[in-house]
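See below for the structure under consideration.
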Protein chains: 2
Amino acid sequence: MKIALAQLNYHIGNFEANMRKIIEQIDAAQNQGAQLVVFAELAISGYPPRDFLEFDDFIEKCNQSVNEIAQHCNGIAAIVGSPRSNPSLKGKRLHNAALLLADGKVQQQANKTLLPNYDVFDEYRYFEPNHHFQLVEFQGLKIALTICEDLWNVDDVPMYRINPMDELMPLAPDLIINIAASPFHDRQYELRKNVLSKNAQKYQLPIIYVNHVGAQTELLFDGGSLFMNAQGEIVERAPFFEEHLLMIDITKIRSTFNDKTQHHIALIHDALVMGIKNYFGKLGFKKAILGLSGGIDSAVTLALAAKALGAENTEVLLLPSQYSSDHSINDALQLAQNLNVKHHIVPIQEAYQSFETTLQPYFQGLPFGLAEENLQARIRGVYLMAFSNKFGHILLNTSNKSEAAVGYGTLYGDMNGGLSVLGDLYKTQVFELARYINRETEIIPINTIIKPPSAELRPDQKDSDSLPDYEILDQILFAYIEERKGPSEIAAMGFDKPLVDRVLRLVNTNEYKRHQSPPILRVSSKAFGMGRRMPIVGKYLN
Amino acid sequence: MKIALAQLNYHIGNFEANMRKIIEQIDAAQNQGAQLVVFAELAISGYPPRDFLEFDDFIEKCNQSVNEIAQHCNGIAAIVGSPRSNPSLKGKRLHNAALLLADGKVQQQANKTLLPNYDVFDEYRYFEPNHHFQLVEFQGLKIALTICEDLWNVDDVPMYRINPMDELMPLAPDLIINIAASPFHDRQYELRKNVLSKNAQKYQLPIIYVNHVGAQTELLFDGGSLFMNAQGEIVERAPFFEEHLLMIDITKIRSTFNDKTQHHIALIHDALVMGIKNYFGKLGFKKAILGLSGGIDSAVTLALAAKALGAENTEVLLLPSQYSSDHSINDALQLAQNLNVKHHIVPIQEAYQSFETTLQPYFQGLPFGLAEENLQARIRGVYLMAFSNKFGHILLNTSNKSEAAVGYGTLYGDMNGGLSVLGDLYKTQVFELARYINRETEIIPINTIIKPPSAELRPDQKDSDSLPDYEILDQILFAYIEERKGPSEIAAMGFDKPLVDRVLRLVNTNEYKRHQSPPILRVSSKAFGMGRRMPIVGKYLN
């Protein structure tokens, strides 16, 4: 039997567009001789629909889409994910369902049993888990139709008390189909392959796995839909970061697939480019603006933006102050020229002077300090937003994860932006990404990469004046943020205890700043944002 | 038997302070002859601890606190809420537990069965539900020890498939004790009383109910801990919005309690004052600053801040532009004088002129528009943050729910602030609150209340130029936000369909702005913030 795996980029709540895309692929699959085409989890609504699921009107629109798509299923069947009402009076109002559409209507429904409710996931907020286990039958094929997390409870210390596959095995399935919405992070593909392989081998069944591709605000879906044989080997796999219709024959199960793993930084690069592109595309914007300082963060952000949106849609402001070094301005100009993006130089001294004069009676006699540093960053923010508002750009934020973590940034200043591109990359990773961007030719001026990082908000300032070296800082932050280690555990790794305490205190006391951050493209296993939820008034470790 | 209900204001993660407070109340209860003292849900850690629960170190500190408190339980027992490790290898790693402490140690443990995971709640993110039902016995008293949501599954269309009390009833309990963390909204007390009364009557048991009091960032806990008889009548109740140790005798069950319900707006007033006070107190700040425009929102915010923090800790900037009317400045001055708060007048024309001159080459030939309006709001934001940074104030945000909903506000301008005081009050409610504040004497100048609302960002501007009347707008917003009605349902209430569509589109397309809002003190059943989670790139109804 020929089955098509449709790996698509949906748009949350855009029912017309999602439906059109799905119907197109049903037609394409049929033209290529498929008997069945499989779409991803909640393909109808896009994933994650979040609290739109609380609107009856939204669910009604999902149902209408399903019915219209079903009418296109003649001579071919489709499996598609959609929210469905829970027919029982008890429990949550919805199921996260996989529907088999054939002969013009919904034939069978399988509901998700394991509802992820950790990290970026909130599924138990909306869905009642499945309690009845049955196979889906199609042309004699007995399918264990499962949804994403349903296959993920294979740890030695399992998060859930049951395994849906254990319940389905007595019914003797021929094949597992898993429709998924599995977001990217830099180690996710290895994890996912391992999980699928464990299932294939444990249950001795081949697996068809269909994932989303594309970005939904901060969540990036890498695709990588695949067909795996019962030995846990990949037979075929769709590419990453692009839409694809993968045709497979379930009788051809010999694996010759060469799964060349890309380097993490290359995957991150492609994920971020897709993230920018889709954020703009789905909001209906074309043009980006950002402030170019000559430093590494804005340089890398610009290179990614130009790649995602085209140089012609990317514009930069250079906003020098009296503390900006000549090399910063030159490096910024050189980069703008290398990428062929439009730039303007808008010095901030005059505005700064105006504020300073007005504030003088109040600030009189007090030393230059944080207020004056922030003032510069905020004036830059005002100029950037003036351009953004006037010409319809989205401002891109250039903060990195290290500085977001310790609060080394100005709220309503350089923390501004519609989207944070690098906010999930530690500073040391930003350098790595810069080198990757330069892998063939020097796009980012080498001086930007080798000079010591500085905010240039006072004379001869360096980041290392107030922060530990990023090599050290990033390791402490990783242990705390990604690995959730406490202060003693981190000190035991070989770091100075007072330094560890200071860094952790900075992370916790700056929660209030991150609360007002733009959404951050997620490329790690623990990003700031929807996957990390902290109390602002908490007093832990501070 | 005498039992003490300890209604306390905990501080999330501040183990020392919480423990000290708990031990003090154990001593106080013992001095007053109590055999048992009951503390709230997760009292040890504060509620909600959120992702701090993912740190082993945090759980270890909870355990240490519990052990230290247990050592103070001699001659008196205590029931206290704390996260506890799940001893099983299967399921989530923690339980949300109620512990009976007596004779120096933990004697018994009851775990929460129903884990709220909707609105502002994320409990299934952390906790494994209870699967084993048993009573807690203390001095011959058989207690159905339950935790908050455990009693809330009494709807005709229940959210959960089981009721813990149904499981416990065959064991013949004498009494229900429910330890809770039930946050305030303006109808919550009526709901809560009704739910508890249903339980008392259904199971024919008296109920001891102990809630938190105090604010944790946006969540406001009103207290109102109580003792109810088996007829569902309140025998005794602790006050709202203050710490209290309520002594009850479980043999005295005749109800003479006169439960005078306060008006909603009075409750909201007290909740907001507590919210401001605790936000500052728990972060270790004393002083607030805000921009006073002469309009109703900043006037009400100031009155609340002065009440919460004291006039001596509250300061305002008047930031007039060429578009500010004389009456606005006069009204603002009059209010500052009425409240006796320090004010400064910082005109923004000069800074505006400076930006305009610099931008002139780029904006040349383009009409005055949104960019110029926002520029004024952002200059004000810069001044306010300069004062905030220089003198250690927290800037209070003055946006209301109506304008936050439709995006009528400037990001990085008047949307700035550490805390949004009125962000969960529709404009019509802000007026109501102003009248309540003036109930005895004219604090807020009457002219501020009766004049038509205006942002004063261009000549003779009024809110009604670009928005429908707030009387209409607020009803549409309430139907969409609080009641989750779709466009057709709202139009069917009698509103113009194109207007409904326009308002809903505005709400959805401005999600990106609200994403960067400060935390909003929650006083309604559906506030912007952690209780309402929407996709930014969603395309639903826009």
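All residue names refer to the structure tokens as shown: chains lettered A, B, ... in order, residues numbered from 1 in each chain, ligands numbered from 1 in order.
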Within 7 Å of chain B, which residues of chain A are there when counting only C-alpha atoms? Please give them as an NGL selection string. :A and (11-14 or 49-52 or 54-55 or 57 or 89-92 or 117-118 or 124-125 or 157-161 or 216-217 or 279 or 282-283 or 350-351 or 354-355 or 370-371 or 375 or 378 or 382 or 386 or 389-390 or 412 or 484-486 or 516-518 or 532-540)
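By only C-alpha atoms, and with residues fewer than 6 positions from Ala303 (chain B) along its chain excluded, the set lying at most 8 Å from it is Leu339, Ile437, Ile443 and Ile444 of chain B.
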Within region 56-226 of chain B, find each residue whose DSSP state, derived from the backbone, is helix (DSSP H, G or I), and express the selection as an MDAnalysis selection string. chainID B and resid 56:70 123:125 148:151 164:171 188:203
Which neighbours of Ala200 (chain A) fall inside 7 Å, counting only C-alpha atoms, when residues of the same chain fewer than 6 positions from it are skipped, and could you give them as JSON, numbers by chain? {"A": [206, 207, 229, 230, 231, 232]}
Quick one: everything within 6 Å of region 402-408 of chain A, counting only C-alpha atoms, minus sequence neighbours fewer than 3 positions away in the same chain. Send it as a short mmCIF file (atom, residue, chain, number, x, y, z; two decimals) with C-alpha atoms, in the first residue's frame.
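Once written, around27.cif looks like this:
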```cif
data_model
loop_
_atom_site.label_atom_id
_atom_site.label_comp_id
_atom_site.auth_asym_id
_atom_site.auth_seq_id
_atom_site.Cartn_x
_atom_site.Cartn_y
_atom_site.Cartn_z
CA TYR A 426 24.02 31.80 24.99
CA LYS A 427 26.66 34.34 24.07
CA LEU A 506 20.68 37.76 39.03
CA VAL A 507 18.66 35.23 37.04
CA ASN A 510 15.47 39.69 36.62
#
```
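From CA of His244 (chain B) back to CA of Val37 (chain B), the distance works out to 12.3 Å.
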Residue contacts of Glu242 (chain B) (12 Å, only C-alpha atoms) excluding same-chain residues fewer than 5 positions away, as a PyMOL selection string: chain B and resi 6-10+211-215+220-225+270-271+273-275+278
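Look at Arg192 (chain B): the protein and nucleic acid residues within 10 Å of it, using only C-alpha atoms and passing over chain neighbours fewer than 3 places away, are Leu151, Trp152, Ser182, Arg187, Gln188, Tyr189, Val195, Leu196, Ser197, Lys198 and Gly224 of chain B.
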Can you write just those residues out, C-alpha atoms, as a compact mmCIF listing (two decimals), in the first residue's frame?
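Once everything was written out, this is part-v3.txt:
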```txt
# COMPACT_ATOMS: atom_id res chain seq x y z
CA LEU B 151 -14.17 19.77 46.43
CA TRP B 152 -14.88 21.70 43.22
CA SER B 182 -8.16 30.02 45.74
CA ARG B 187 -17.43 36.82 41.86
CA GLN B 188 -15.18 34.21 43.39
CA TYR B 189 -16.38 34.39 46.99
CA VAL B 195 -19.31 25.05 46.18
CA LEU B 196 -18.51 24.48 49.85
CA SER B 197 -22.17 24.57 50.78
CA LYS B 198 -23.00 21.98 48.11
CA GLY B 224 -12.17 34.33 53.76
```
Residue set, region 245-310 of chain A restricted to strand (DSSP E), as a VMD selection string: chain A and resid 245 to 249 288 to 291
File dump, residues just selected, C-alpha atoms, as a PDB file, in the first residue's frame:
```pdb
ATOM      1  CA  LEU A 245       4.990  15.147   0.538  1.00  0.00           C
ATOM      2  CA  LEU A 246       6.814  11.903   1.214  1.00  0.00           C
ATOM      3  CA  MET A 247       5.519   8.851  -0.667  1.00  0.00           C
ATOM      4  CA  ILE A 248       6.192   5.487   0.903  1.00  0.00           C
ATOM      5  CA  ASP A 249       5.279   1.902   0.173  1.00  0.00           C
ATOM      6  CA  ALA A 288      12.460  44.202   9.401  1.00  0.00           C
ATOM      7  CA  ILE A 289      14.458  46.894  11.102  1.00  0.00           C
ATOM      8  CA  LEU A 290      17.086  46.603  13.773  1.00  0.00           C
ATOM      9  CA  GLY A 291      19.769  48.622  15.473  1.00  0.00           C
TER      10      GLY A 291
END
```
Leaving out Ser82 (chain B) and any residue of its chain fewer than 4 positions from it, which residues lie within 10 Å of it when counting only C-alpha atoms, given as a PyMOL selection string? chain B and resi 40-47+59+62-63+65-66+95-99+111
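Between Leu318 (chain A) and the candidates A:Leu175, A:Ala305, A:Ala238, A:Leu333, the tightest atom-to-atom separation, counting only C-alpha atoms, involves A:Leu333.
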